[in-house]
Amino acid sequence: MKYTRFVVIAFFICNFLFAQNDSTVVSLSVTDTPLENVLKKIEEQTSFQFYYVDEWLKEKKVTASFQNEPIKSVLEKLFENTILNYYVYESDKIILTQNNIIYDKLPNGFFTRTDAVTTTVEENKRPTKSLNPVFFADEHLPQTRSIETVRIGKESLSGQQNSYKLSGYIKNARNGNAIPDLSLVVKNRNIGTVTDENGYYEIIVPVGENVIATKALGIESQTKRVLVYNEGQLDFNLNESIEQLDEVVVAADKASNVEEEITGSTSIESEETKDIPMVLGERNILSVATTLPGISNAGEGASGINVRGGKTDQNLILLDDGVVYNPTHFFGIFQALNPFATKGVDIYKGNVPAEFGGRLSSVFDITTIEGNTEKFSGEASIGPVTGNLMLEVPIVKDKSSLVLGGRGAYSDWILKSLDDENLQNSSASFYDLVANYTHKVNENNTIKATGYYSKDEFSITSDSLYGYSNRLATFNWNHKFNDRHNGSLILTNSAYKFDIEFDGQSNTDFDLGYGIDETELKLKFKYLWNDAHTIDYGISSKLYRVKPGFINPRGPESIITPFSIDEDRALESAIFLSDNIKIGDKVGIEAGIRYSFYAALGASVQGVYAEGQPRNQATLIEQVSYDDNEVIETYGGPEFRVSGRYSFSDSFSIKAGFNSMYQYIHTLSNTTTVSPIDTWKLSDSNIKPQRSNQVSLGFFKNFEDDLYEISVEGYYKTSDDILDFKTGAQLLLNDDIEQEVLQGEGQAYGVEFLLRKNSGRLNGWLGYTYSRSRIKFDSEFSEERINGGNYFPANYDKPHDLSLVANYKFTRRYSASMNFAYQTGRPVTYPIGQYSFNNSEYVFYSNRNEFRIPDYYRLDIGINIEGNHKIKKFAHSFWNISVYNVLGRANPYSVFFVSEAGEVKAYKSSIFAIPIPSITYNFKF
Amino acid sequence: MKGYYIHIIFSLTGITIILAISSCIEAFEAETLGLQTALVVDARLTNEVKKHHILLSNARSFEQEDIQHVSNAQVSIVENADTIYSFEEISPGHYVSTIAFGAKTNQTYQLRIINSDGRSYVSTNETMPENTPIADLTVKRKTNDFGEDGVAVILNNNSLGSQPRYFRYDYQENYEIKAPNWDPFTFDIIDSIACLDGDAFEVDIKPKNSERGRICYGENLSKNIILASTANLNENTISDFEVHFINRENYILTHRYSILVTQYSQSVDAHSYYQSLLAFSTSESVFSEVQPGFLAGNIYSETNSDENVIGYFETAAVSSERIFFNYQDLFPDENLPEFPFSCSGLGNPRLIPRGYHCTMGASGVCDGNCESPLIGQIQANQIVFAAVKEPTDFLAPYYTLPKACGDCTVLGSSVKPEFWID
């Protein structure tokens, strides 16, 4: 092969066309000379170089004579009776193509119908994506060469029909890959179809002669005369065609918001967030997520995300399919994910694909990047808090690659270098490590393995050291059974633990800890049944092992007795099936069902409480022991995941969905916001799983060729058996935790508005959400009621939430970005009076969350400077200078009351009360 | 405590250094947003045979300084549902048992209150826990977790049985105060009236007839909740528990110090009530705050089950221990803590103010500046006599010191407590 490399996007029309006028003239005279030799002669005479495949010229002989004739007419004459076309490239290169021509302009209408490009680029990534027809230029039909005639089926006298089904596979002749999105047209009959992702097509054709032509981007067209007698199969093997175009930036997913069936989903690419100013210049996709409608957190410095009025423990956060229990560092201020090794996150806040389950509110499906298989490359950054490094190491060229990422805070070093005794004794540090290995074993098998570890350590007083860590390992084997059927085997293990090391001056030093470990095996399959149905199905099973708490003496002097609560175990399994149904172009339905089944397993001792009485030590009737692996209690039920789309046009659709979920694992937290020592508890005989139902409706409209997208989505969600706790509950090391737990109902609704501009000098989004989230804990016993058993606002109920994220590119190198956020202040429990008791003054609280702290607003700005784009330069650099909270607003984070020396003192705290500047340097190599 | 929180943030990290300068915790004047009042019951019954005391009040708004006492209630404690001990109101809100009695181990007690408007309240039946005596109370010089040098008051006990025991502590500390510049003479205001009586202001000095104000005794009661339990401990004992820590810089240590530690053996429910109260009234982390809410005690309204009653009826067995020590015992030959008032700078207020003038001679009317700074300060109890100025200065005749330097009654009582052992 002497040509190729400029594969971009091809087009099919057989016309001759000159890219530029060329005045070069040629003189020569040949008789019955091989064409190849003639071209060589021209190369000798001129500066032109020809690029072609030898085969094309084989046995082609020409007789011709030219005197100072322009090259153009020489070439036209030489190729007159051949199927070869030519294209002059970079004024001295002539590229020969067989059968098709090279365009140097995109056809009209290319950008309005990029959906076809989307599906090819994003193949398999989004199971629900519609298979819309590819664009093609109907006005020019391909020039026919010698047309092959094919007979299909055996004529039968009985049961003659007017038309028959013709089906088959269309493959790339060179590599045998399926060609999706290729259109087949029956000439002069207005019949046509498009191949699916496996290159498969079906078409109903009339009996008799049909001329069938294939058309697709980058593939040569072929025409066959088909004589149809009966049903039958007709396969095509087509060649690629090579054409040169100016660079086309393929904006994948441009119209996905309008086209997808499922409601309430959104994606964030890690790389795209690099311009958004963040605290201390640390890229944080989870914080960026909170700027999108429906996703919020309780405030800066509050770990945990609230999605559509859900609690912070209701989000399933997955990293390459494994669960990450705490994806943040340092009280939620930083993400615990390497920004360079993270590709992005798909967030499902409305309808959740049936393959996911186990949390009520959302799924954050985070994926790591796939390493560069061609050359060693990497990315690094240095910021005021952390250093970051990510390397991509090819192992087997074009087949496998390793990604290694490391990130650490060097604050400890800063601490140690300070001259303050207190600071030298304290510490705060965090790091996270990530590695993945991808290997494309062959056409049909791909494996990806990921390992991840994050660790935080901080001391609040010099005698106690808090630490928590996440550990995760996943293995994913993707196998293609055939062109229409593929499956994945996913094995994951993840663990989260925290511990407190207390090392004080007294003899009560201890280690206190908690740990949860889960292992999941999941098998999922995708079956492309036909154009109208894409089926996903599978099973999964997860084993939980929880160490609910232990305390051990620290050092020989300690008088602490070792104590631990028995390990809890449970099995959570599910079977799921979903069908993406296309009914014409207008209607799409994603119908999914998941049946989840949960079994709490022994060994365990479960308390039995008197019926009709509040649950406390006095009503504990007996304690029942269960043996190892004995089933204590089972729960389960169907979860429906149904959503539908109706497209009024290519750019306007309406979607509705119903989503139901089960959650079998709960966080135990008696703080108003997430604390690093919150624990997870499995459902058991006394604690039931949480359930939710959500209905949603949305309108999605794109303007100006998908440059702007606008959406309005509304939802109403109810949840049952959500957890809360009796006032003053002691949750750590509590053997009878069920005596502290209350289970109640939640109700959340909201309207989310998003206006987004995806490209251009000015891009960004404006999001506004009006939402309410209320919860209710009622019981016939006053000790099990909160706020008299009435609905009250949840801690994260913030009705108005406005975010504006904007980026303006001055030049290719300089851009400025800003981020503005406004939220209603969160509800707080404010004391309603004070009283004297036992020599001291105290405040007293009544109903929860009756008051609100003042509204929150913040403006951040950033300037981004890209290094220059010299290709030879070793590294490509990127500077980010940002100021967080430019207005210096001391947003109240909490209001608290303490009794000091017998007096009540009121305080309010804010986390970032002044503008915080930072500079981060990033470079790629 | 404010400093403590700042300490918390500050000790976190380098990131926190940024946080420390950027985050802020500020005190503010709390306003009452929608007060609801509630009955507050401050009641504890011990095994001591005495007239027990119960305080009833109403919760009040932040704007109200004074306790809102609840008067004219009928208060009684019922032992084992048969014996009734009634209480009488000796002063507004203060109810004292009509007879002296002590609660007996393992008997149950119930508090009953009927308000003047007829609403009745009862506590749950509380069992009197077994008493655990304090085995040993000592003091030890040590550096605490915050790096402060000082004295720790350390307690040990030996609990009985194998069940975990729960304790609450309070203390009363008394200390000797010596006025560093006590002087046998004191001011004698002869004439504090300007002009009219025919002469100007006149202040003399006279000998004190007693040593009053030379040695005093200060007293502090513990204001915070001190809890300990033997849950999760190897042995069912409290060992080396630090009840109190006094910074070496604190002047109360200067001479002789005594602390009476009282240990209340309480029920697990009472213990967890106090624990919650403690959690709600302190803050451990800037980032996560314990969810506050109404803290239900063990007293309920019989009239309206939705009515919140604040407080707890605690039955506790009491054991107390007193200890004395001198500064020199623990800090021999070390500098004494600083006196809380600066006694080095002598004052010299004018007797006759600038611009003093009488019309019509000395017996006329004062028409100029008619206030004597010296007399004003003596009358306001701000100063004591230090020395006579020499050479004699008619306008400002005396050197003075802040009152506490020469009269320790500013800081304590001149009456030696009965229990005091020198």
# chains A, B, ... in the order shown; residues from 1 in each chain; ligands from 1
>>> residues_around(residues="region 190-206 of chain A", least_positions_apart="2", cutoff="7 Å", atoms="only C-alpha atoms", output="PyMOL selection string")
chain A and resi 133+162-171+178-188+208+483-484+531
>>> select_by_dssp(residues="region 151-358 of chain B", states="helix (DSSP H, G or I)", output="PyMOL selection string")
chain B and resi 251-253+268-281+327-330
>>> write_last_selection(atoms="C-alpha atoms", output="mmCIF file, in the first residue's frame")
data_model
loop_
_atom_site.group_PDB
_atom_site.id
_atom_site.type_symbol
_atom_site.label_atom_id
_atom_site.label_comp_id
_atom_site.auth_asym_id
_atom_site.auth_seq_id
_atom_site.Cartn_x
_atom_site.Cartn_y
_atom_site.Cartn_z
ATOM 1 C CA TYR B 251 -3.502 32.665 90.217
ATOM 2 C CA ILE B 252 -5.825 30.402 92.203
ATOM 3 C CA LEU B 253 -2.878 28.031 92.645
ATOM 4 C CA VAL B 268 -26.833 4.364 82.290
ATOM 5 C CA ASP B 269 -29.829 6.412 81.129
ATOM 6 C CA ALA B 270 -28.841 9.388 83.194
ATOM 7 C CA HIS B 271 -25.331 9.002 81.870
ATOM 8 C CA SER B 272 -26.426 9.050 78.267
ATOM 9 C CA TYR B 273 -28.674 12.047 78.938
ATOM 10 C CA TYR B 274 -25.698 13.966 80.251
ATOM 11 C CA GLN B 275 -23.585 12.750 77.372
ATOM 12 C CA SER B 276 -26.054 14.122 74.875
ATOM 13 C CA LEU B 277 -26.327 17.362 76.766
ATOM 14 C CA LEU B 278 -22.565 17.603 76.657
ATOM 15 C CA ALA B 279 -22.458 16.828 72.938
ATOM 16 C CA PHE B 280 -25.036 19.511 72.228
ATOM 17 C CA SER B 281 -23.278 22.139 74.273
ATOM 18 C CA TYR B 327 1.848 25.675 95.180
ATOM 19 C CA GLN B 328 5.242 24.991 96.665
ATOM 20 C CA ASP B 329 4.397 21.278 96.996
ATOM 21 C CA LEU B 330 4.137 20.896 93.257
#
>>> residues_around(residues="Ile215 (chain B)", least_positions_apart="5", cutoff="8 Å", atoms="only C-alpha atoms", output="PyMOL selection string")
chain B and resi 176-179+408+414
>>> atom_distance(atom1="CA of Ala228 (chain B)", atom2="CA of Gln263 (chain B)")
9.9 Å
>>> select_by_dssp(residues="region 468-663 of chain A", states="strand (DSSP E or B)", output="ChimeraX atom specification")
/A:468-482,485-502,510-528,533-553,560,563-564,568-583,587-601,604-609,620-626,631-649,652-663
>>> closest_atom_pairs(of="region 598-678 of chain A", to="region 815-836 of chain A", cutoff="12 Å", atoms="only C-alpha atoms", output="tab-separated table")
residue	atom	partner	partner_atom	distance
A:Thr671	CA	A:Val828	CA	11.7
A:Thr672	CA	A:Val828	CA	8.5
A:Thr673	CA	A:Arg826	CA	10.9
>>> residues_around(residues="Gly592 (chain A)", least_positions_apart="5", cutoff="10 Å", atoms="only C-alpha atoms", output="PyMOL selection string")
chain A and resi 351-355+535-537+576-580+639-643+659
>>> residues_around(residues="Arg322 (chain B)", least_positions_apart="4", cutoff="7 Å", atoms="only C-alpha atoms", output="PyMOL selection string")
chain B and resi 258-261
>>> write_last_selection(atoms="C-alpha atoms", output="short mmCIF file (atom, residue, chain, number, x, y, z; two decimals), in the first residue's frame")
data_model
loop_
_atom_site.label_atom_id
_atom_site.label_comp_id
_atom_site.auth_asym_id
_atom_site.auth_seq_id
_atom_site.Cartn_x
_atom_site.Cartn_y
_atom_site.Cartn_z
CA SER B 258 -8.42 22.71 97.95
CA ILE B 259 -10.78 20.77 95.77
CA LEU B 260 -13.82 18.76 96.79
CA VAL B 261 -14.72 16.25 94.12
#
>>> residues_around(residues="Asn304 (chain B)", least_positions_apart="3", cutoff="10 Å", atoms="only C-alpha atoms", output="list in words")
Arg119, Ser120, Tyr121, Tyr300, Ser301, Glu307 and Asn308 of chain B
>>> write_last_selection(atoms="N, CA and C atoms", output="PDB file, in the first residue's frame")
ATOM      1  N   ARG B 119     -51.358  21.490  85.879  1.00  0.00           N
ATOM      2  CA  ARG B 119     -50.722  20.512  84.990  1.00  0.00           C
ATOM      3  C   ARG B 119     -49.795  19.617  85.809  1.00  0.00           C
ATOM      4  N   SER B 120     -49.837  18.343  85.529  1.00  0.00           N
ATOM      5  CA  SER B 120     -49.000  17.454  86.337  1.00  0.00           C
ATOM      6  C   SER B 120     -47.925  16.779  85.498  1.00  0.00           C
ATOM      7  N   TYR B 121     -46.811  16.563  86.147  1.00  0.00           N
ATOM      8  CA  TYR B 121     -45.639  15.975  85.491  1.00  0.00           C
ATOM      9  C   TYR B 121     -45.106  14.864  86.370  1.00  0.00           C
ATOM     10  N   TYR B 300     -42.140  13.609  82.134  1.00  0.00           N
ATOM     11  CA  TYR B 300     -43.163  13.754  81.104  1.00  0.00           C
ATOM     12  C   TYR B 300     -44.373  14.454  81.681  1.00  0.00           C
ATOM     13  N   SER B 301     -45.093  15.102  80.805  1.00  0.00           N
ATOM     14  CA  SER B 301     -46.333  15.739  81.227  1.00  0.00           C
ATOM     15  C   SER B 301     -47.435  14.693  81.192  1.00  0.00           C
ATOM     16  N   GLU B 307     -46.254  17.850  75.323  1.00  0.00           N
ATOM     17  CA  GLU B 307     -45.517  18.934  75.960  1.00  0.00           C
ATOM     18  C   GLU B 307     -44.096  18.475  76.295  1.00  0.00           C
ATOM     19  N   ASN B 308     -43.147  19.308  75.937  1.00  0.00           N
ATOM     20  CA  ASN B 308     -41.748  18.974  76.227  1.00  0.00           C
ATOM     21  C   ASN B 308     -41.365  19.438  77.617  1.00  0.00           C
TER      22      ASN B 308
END
>>> residues_around(residues="region 96-100 of chain B", least_positions_apart="3", cutoff="10 Å", atoms="only C-alpha atoms", output="list in words")
Glu48, Val49, Lys50, Lys51, His52, His53, Ile54, Leu55, Val75, Ser76, Ile77, Tyr85, Ser86, Phe87, Glu88, Glu89, Ile90, Ser91 and Gly93 of chain B
>>> closest_residue(among="B:Leu395, B:Ile154, B:Leu227, B:Val365", to="chain A", atoms="only C-alpha atoms")
B:Ile154
>>> atom_distance(atom1="CA of Asp801 (chain A)", atom2="CA of Ser771 (chain A)")
8.3 Å
